[in-house]
>>> print(open('structure_13.pdb').read())   # PDB, C-alpha atoms, pLDDT in the B column
MODEL        1
ATOM      1  CA  MET S1228     105.224 111.908  98.313  1.00 89.00           C
ATOM      2  CA  HIS S1229     108.305 112.191 100.519  1.00 93.00           C
ATOM      3  CA  VAL S1230     108.000 110.562 103.980  1.00 95.00           C
ATOM      4  CA  THR S1231     110.356 110.866 106.950  1.00 97.00           C
ATOM      5  CA  VAL S1232     110.401 107.798 109.200  1.00 97.00           C
ATOM      6  CA  ASP S1233     111.966 108.617 112.570  1.00 97.00           C
ATOM      7  CA  VAL S1234     112.839 105.509 114.588  1.00 96.00           C
ATOM      8  CA  LYS S1235     113.205 107.018 118.070  1.00 95.00           C
ATOM      9  CA  GLY S1236     116.643 106.520 119.582  1.00 92.00           C
ATOM     10  CA  GLU S1237     117.965 105.132 116.300  1.00 93.00           C
ATOM     11  CA  ASP S1238     117.942 106.237 112.666  1.00 95.00           C
ATOM     12  CA  THR S1239     115.838 108.558 110.546  1.00 97.00           C
ATOM     13  CA  TYR S1240     114.920 107.440 107.037  1.00 96.00           C
ATOM     14  CA  GLU S1241     113.836 109.554 104.081  1.00 96.00           C
ATOM     15  CA  LEU S1242     111.582 107.518 101.772  1.00 95.00           C
ATOM     16  CA  GLU S1243     109.690 108.182  98.576  1.00 92.00           C
ATOM     17  CA  LEU S1244     106.240 106.638  98.827  1.00 90.00           C
ATOM     18  CA  GLU S1245     106.236 105.859  95.116  1.00 86.00           C
ATOM     19  CA  ALA S1246     109.300 103.638  95.632  1.00 86.00           C
ATOM     20  CA  VAL S1247     107.567 101.775  98.482  1.00 86.00           C
ATOM     21  CA  ALA S1248     104.315 101.234  96.563  1.00 75.00           C
ATOM     22  CA  GLY S1249     103.788  97.986  94.716  1.00 59.00           C
ATOM     23  CA  VAL S1250     106.507  95.966  96.455  1.00 56.00           C
ATOM     24  CA  ALA S1251     105.663  92.678  98.170  1.00 51.00           C
ATOM     25  CA  ALA S1252     107.229  91.435 101.411  1.00 48.00           C
ATOM     26  CA  ASP S1253     109.720  89.339  99.414  1.00 50.00           C
ATOM     27  CA  GLY S1254     110.894  92.440  97.510  1.00 51.00           C
ATOM     28  CA  GLU S1255     109.215  91.437  94.251  1.00 55.00           C
ATOM     29  CA  ALA S1256     107.108  93.947  92.327  1.00 51.00           C
ATOM     30  CA  THR S1257     103.368  93.327  92.641  1.00 51.00           C
ATOM     31  CA  GLY S1258     102.296  95.295  89.587  1.00 50.00           C
ATOM     32  CA  ASP S1259     102.053  98.940  88.628  1.00 52.00           C
ATOM     33  CA  PRO S1260     103.294 101.031  91.598  1.00 51.00           C
ATOM     34  CA  ALA S1261     100.844 103.787  90.664  1.00 50.00           C
ATOM     35  CA  ASP S1262      97.971 101.396  91.466  1.00 52.00           C
ATOM     36  CA  ALA S1263      99.236 100.513  94.954  1.00 71.00           C
ATOM     37  CA  THR S1264      98.541 102.547  98.073  1.00 85.00           C
ATOM     38  CA  PRO S1265     101.384 102.064 100.575  1.00 93.00           C
ATOM     39  CA  THR S1266     100.501 101.383 104.194  1.00 94.00           C
ATOM     40  CA  TYR S1267     102.446 102.078 107.363  1.00 95.00           C
ATOM     41  CA  ALA S1268     103.388  98.363 107.356  1.00 94.00           C
ATOM     42  CA  ASP S1269     105.009  98.929 103.945  1.00 94.00           C
ATOM     43  CA  LEU S1270     107.096 101.740 105.461  1.00 95.00           C
ATOM     44  CA  LEU S1271     108.143  99.450 108.314  1.00 95.00           C
ATOM     45  CA  ARG S1272     109.146  96.725 105.861  1.00 94.00           C
ATOM     46  CA  GLU S1273     111.222  99.280 103.952  1.00 94.00           C
ATOM     47  CA  VAL S1274     113.222 100.120 107.114  1.00 95.00           C
ATOM     48  CA  GLU S1275     113.436  96.422 108.069  1.00 94.00           C
ATOM     49  CA  LEU S1276     111.163  96.527 111.135  1.00 94.00           C
ATOM     50  CA  SER S1277     108.255  94.264 112.020  1.00 92.00           C
ATOM     51  CA  PRO S1278     104.845  95.663 112.989  1.00 91.00           C
ATOM     52  CA  HIS S1279     105.000  93.208 115.909  1.00 92.00           C
ATOM     53  CA  GLU S1280     107.946  94.993 117.524  1.00 92.00           C
ATOM     54  CA  VAL S1281     106.981  98.657 117.053  1.00 95.00           C
ATOM     55  CA  SER S1282     104.207 101.224 117.329  1.00 96.00           C
ATOM     56  CA  VAL S1283     103.708 103.737 114.538  1.00 97.00           C
ATOM     57  CA  LEU S1284     102.757 107.281 115.588  1.00 97.00           C
ATOM     58  CA  VAL S1285     101.475 110.179 113.507  1.00 97.00           C
ATOM     59  CA  ASP S1286     101.207 113.495 115.339  1.00 96.00           C
ATOM     60  CA  GLY S1287     101.792 111.611 118.608  1.00 94.00           C
ATOM     61  CA  ARG S1288      98.879 109.212 118.071  1.00 96.00           C
ATOM     62  CA  PRO S1289      99.165 105.524 117.214  1.00 96.00           C
ATOM     63  CA  VAL S1290      97.953 104.460 113.770  1.00 97.00           C
ATOM     64  CA  PRO S1291      97.120 100.950 112.508  1.00 96.00           C
ATOM     65  CA  GLU S1292      99.867  99.481 110.345  1.00 94.00           C
ATOM     66  CA  ASP S1293      97.348  98.520 107.661  1.00 93.00           C
ATOM     67  CA  GLN S1294      96.156 102.126 107.215  1.00 95.00           C
ATOM     68  CA  PRO S1295      97.266 103.945 104.038  1.00 95.00           C
ATOM     69  CA  VAL S1296     100.085 106.438 104.583  1.00 95.00           C
ATOM     70  CA  GLU S1297      98.624 109.940 104.827  1.00 94.00           C
ATOM     71  CA  SER S1298     101.405 111.804 106.636  1.00 94.00           C
ATOM     72  CA  ASP S1299     104.829 113.022 105.563  1.00 95.00           C
ATOM     73  CA  HIS S1300     106.354 112.387 109.015  1.00 97.00           C
ATOM     74  CA  VAL S1301     106.062 109.135 110.961  1.00 97.00           C
ATOM     75  CA  THR S1302     107.525 108.297 114.361  1.00 97.00           C
ATOM     76  CA  VAL S1303     108.312 104.671 115.166  1.00 97.00           C
ATOM     77  CA  LEU S1304     108.747 103.473 118.751  1.00 96.00           C
ATOM     78  CA  ARG S1305     110.363 100.115 119.361  1.00 91.00           C
ATOM     79  CA  LEU S1306     108.451  98.008 121.854  1.00 88.00           C
ATOM     80  CA  ILE S1307     111.151  95.358 121.941  1.00 71.00           C
ATOM     81  CA  LYS S1308     114.875  96.045 121.868  1.00 65.00           C
ATOM     82  CA  GLY S1309     117.585  93.373 121.720  1.00 64.00           C
ATOM     83  CA  GLY S1310     118.980  91.840 124.904  1.00 63.00           C
ATOM     84  CA  SER S1311     122.556  91.465 125.995  1.00 63.00           C
ATOM     85  CA  GLU S1312     125.095  90.445 123.392  1.00 60.00           C
TER      86      GLU S1312
ENDMDL
END
>>> encode(input="structure_13.pdb", output="structure tokens")
Amino acid sequence: MHVTVDVKGEDTYELELEAVAGVAADGEATGDPADATPTYADLLREVELSPHEVSVLVDGRPVPEDQPVESDHVTVLRLIKGGSE
């Protein structure tokens, strides 16, 4: 399934769920990707964001990061943005 991840005020990412499935946090394969069900946290990891710094919205409603991905469009709102450089 094709998923669009829109990080508000930043970038939009086009991801294939099959490519996200079965990949651990360290980038190593965890087994057969067909057996894995990607979560919203997996999508965040793919776009290099932490669940601790964002909220994930589907149809304008927040969803838990550990929930399996069931939507083809996800909006991500940053709760924390970098300070002065």
>>> atom_distance(input="structure_13.pdb", atom1="CA of Glu1292 (chain S)", atom2="CA of Ile1307 (chain S)")
16.7 Å
>>> resolve_selection(input="structure_13.pdb", expression="the PyMOL selection byres ((chain S and resi 1232-1244) around 8)", output="PyMOL selection string")
chain S and resi 1228-1231+1245-1248+1265+1270+1274+1300-1305
>>> atom_distance(input="structure_13.pdb", atom1="CA of Val1296 (chain S)", atom2="CA of Thr1264 (chain S)")
7.7 Å
>>> atom_distance(input="structure_13.pdb", atom1="CA of Leu1271 (chain S)", atom2="CA of Pro1289 (chain S)")
14.0 Å
>>> resolve_selection(input="structure_13.pdb", expression="the PyMOL selection byres ((chain S and resi 1294) around 9)", output="ChimeraX atom specification")
/S:1265-1268,1290-1293,1295-1297
>>> build_atoms(input="structure_13.pdb", residues="region 1287-1306 of chain S", atoms="N, CA, C and O atoms", output="PDB file, in the frame of the given file")
ATOM      1  N   GLY S1287     101.842 112.096 117.234  1.00 94.00           N
ATOM      2  CA  GLY S1287     101.792 111.611 118.608  1.00 94.00           C
ATOM      3  C   GLY S1287     100.707 110.591 118.893  1.00 94.00           C
ATOM      4  O   GLY S1287     100.567 110.144 120.029  1.00 94.00           O
ATOM      5  N   ARG S1288      99.958 110.194 117.879  1.00 96.00           N
ATOM      6  CA  ARG S1288      98.879 109.212 118.071  1.00 96.00           C
ATOM      7  C   ARG S1288      99.179 107.932 117.302  1.00 96.00           C
ATOM      8  O   ARG S1288      99.627 107.986 116.153  1.00 96.00           O
ATOM      9  N   PRO S1289      98.920 106.782 117.915  1.00 96.00           N
ATOM     10  CA  PRO S1289      99.165 105.524 117.214  1.00 96.00           C
ATOM     11  C   PRO S1289      98.221 105.356 116.022  1.00 96.00           C
ATOM     12  O   PRO S1289      97.071 105.784 116.069  1.00 96.00           O
ATOM     13  N   VAL S1290      98.753 104.764 114.951  1.00 97.00           N
ATOM     14  CA  VAL S1290      97.953 104.460 113.770  1.00 97.00           C
ATOM     15  C   VAL S1290      98.087 102.977 113.449  1.00 97.00           C
ATOM     16  O   VAL S1290      99.132 102.372 113.701  1.00 97.00           O
ATOM     17  N   PRO S1291      97.032 102.359 112.909  1.00 96.00           N
ATOM     18  CA  PRO S1291      97.120 100.950 112.508  1.00 96.00           C
ATOM     19  C   PRO S1291      98.109 100.783 111.353  1.00 96.00           C
ATOM     20  O   PRO S1291      98.165 101.628 110.455  1.00 96.00           O
ATOM     21  N   GLU S1292      98.869  99.713 111.391  1.00 94.00           N
ATOM     22  CA  GLU S1292      99.867  99.481 110.345  1.00 94.00           C
ATOM     23  C   GLU S1292      99.243  99.239 108.984  1.00 94.00           C
ATOM     24  O   GLU S1292      99.888  99.455 107.966  1.00 94.00           O
ATOM     25  N   ASP S1293      97.982  98.794 108.945  1.00 93.00           N
ATOM     26  CA  ASP S1293      97.348  98.520 107.661  1.00 93.00           C
ATOM     27  C   ASP S1293      96.648  99.741 107.056  1.00 93.00           C
ATOM     28  O   ASP S1293      96.067  99.669 105.989  1.00 93.00           O
ATOM     29  N   GLN S1294      96.755 100.887 107.715  1.00 95.00           N
ATOM     30  CA  GLN S1294      96.156 102.126 107.215  1.00 95.00           C
ATOM     31  C   GLN S1294      97.048 102.721 106.126  1.00 95.00           C
ATOM     32  O   GLN S1294      98.267 102.697 106.230  1.00 95.00           O
ATOM     33  N   PRO S1295      96.449 103.286 105.071  1.00 95.00           N
ATOM     34  CA  PRO S1295      97.266 103.945 104.038  1.00 95.00           C
ATOM     35  C   PRO S1295      98.035 105.130 104.619  1.00 95.00           C
ATOM     36  O   PRO S1295      97.542 105.834 105.498  1.00 95.00           O
ATOM     37  N   VAL S1296      99.240 105.340 104.113  1.00 95.00           N
ATOM     38  CA  VAL S1296     100.085 106.438 104.583  1.00 95.00           C
ATOM     39  C   VAL S1296      99.469 107.766 104.136  1.00 95.00           C
ATOM     40  O   VAL S1296      99.219 107.974 102.952  1.00 95.00           O
ATOM     41  N   GLU S1297      99.221 108.638 105.114  1.00 94.00           N
ATOM     42  CA  GLU S1297      98.624 109.940 104.827  1.00 94.00           C
ATOM     43  C   GLU S1297      99.432 111.089 105.424  1.00 94.00           C
ATOM     44  O   GLU S1297      98.997 112.222 105.390  1.00 94.00           O
ATOM     45  N   SER S1298     100.588 110.788 105.980  1.00 94.00           N
ATOM     46  CA  SER S1298     101.405 111.804 106.636  1.00 94.00           C
ATOM     47  C   SER S1298     102.807 111.795 106.045  1.00 94.00           C
ATOM     48  O   SER S1298     103.296 110.762 105.588  1.00 94.00           O
ATOM     49  N   ASP S1299     103.465 112.956 106.076  1.00 95.00           N
ATOM     50  CA  ASP S1299     104.829 113.022 105.563  1.00 95.00           C
ATOM     51  C   ASP S1299     105.875 112.852 106.656  1.00 95.00           C
ATOM     52  O   ASP S1299     107.064 112.886 106.388  1.00 95.00           O
ATOM     53  N   HIS S1300     105.430 112.656 107.913  1.00 97.00           N
ATOM     54  CA  HIS S1300     106.354 112.387 109.015  1.00 97.00           C
ATOM     55  C   HIS S1300     105.748 111.329 109.928  1.00 97.00           C
ATOM     56  O   HIS S1300     104.633 111.484 110.397  1.00 97.00           O
ATOM     57  N   VAL S1301     106.507 110.266 110.152  1.00 97.00           N
ATOM     58  CA  VAL S1301     106.062 109.135 110.961  1.00 97.00           C
ATOM     59  C   VAL S1301     107.099 108.882 112.044  1.00 97.00           C
ATOM     60  O   VAL S1301     108.306 108.896 111.771  1.00 97.00           O
ATOM     61  N   THR S1302     106.636 108.665 113.262  1.00 97.00           N
ATOM     62  CA  THR S1302     107.525 108.297 114.361  1.00 97.00           C
ATOM     63  C   THR S1302     107.293 106.825 114.676  1.00 97.00           C
ATOM     64  O   THR S1302     106.155 106.373 114.764  1.00 97.00           O
ATOM     65  N   VAL S1303     108.389 106.097 114.843  1.00 97.00           N
ATOM     66  CA  VAL S1303     108.312 104.671 115.166  1.00 97.00           C
ATOM     67  C   VAL S1303     108.965 104.458 116.524  1.00 97.00           C
ATOM     68  O   VAL S1303     110.106 104.879 116.748  1.00 97.00           O
ATOM     69  N   LEU S1304     108.222 103.818 117.429  1.00 96.00           N
ATOM     70  CA  LEU S1304     108.747 103.473 118.751  1.00 96.00           C
ATOM     71  C   LEU S1304     108.923 101.973 118.838  1.00 96.00           C
ATOM     72  O   LEU S1304     107.969 101.212 118.612  1.00 96.00           O
ATOM     73  N   ARG S1305     110.127 101.552 119.167  1.00 91.00           N
ATOM     74  CA  ARG S1305     110.363 100.115 119.361  1.00 91.00           C
ATOM     75  C   ARG S1305     109.757  99.674 120.673  1.00 91.00           C
ATOM     76  O   ARG S1305     109.981 100.284 121.706  1.00 91.00           O
ATOM     77  N   LEU S1306     109.012  98.595 120.647  1.00 88.00           N
ATOM     78  CA  LEU S1306     108.451  98.008 121.854  1.00 88.00           C
ATOM     79  C   LEU S1306     109.407  96.973 122.431  1.00 88.00           C
ATOM     80  O   LEU S1306     109.405  96.715 123.629  1.00 88.00           O
TER      81      LEU S1306
END
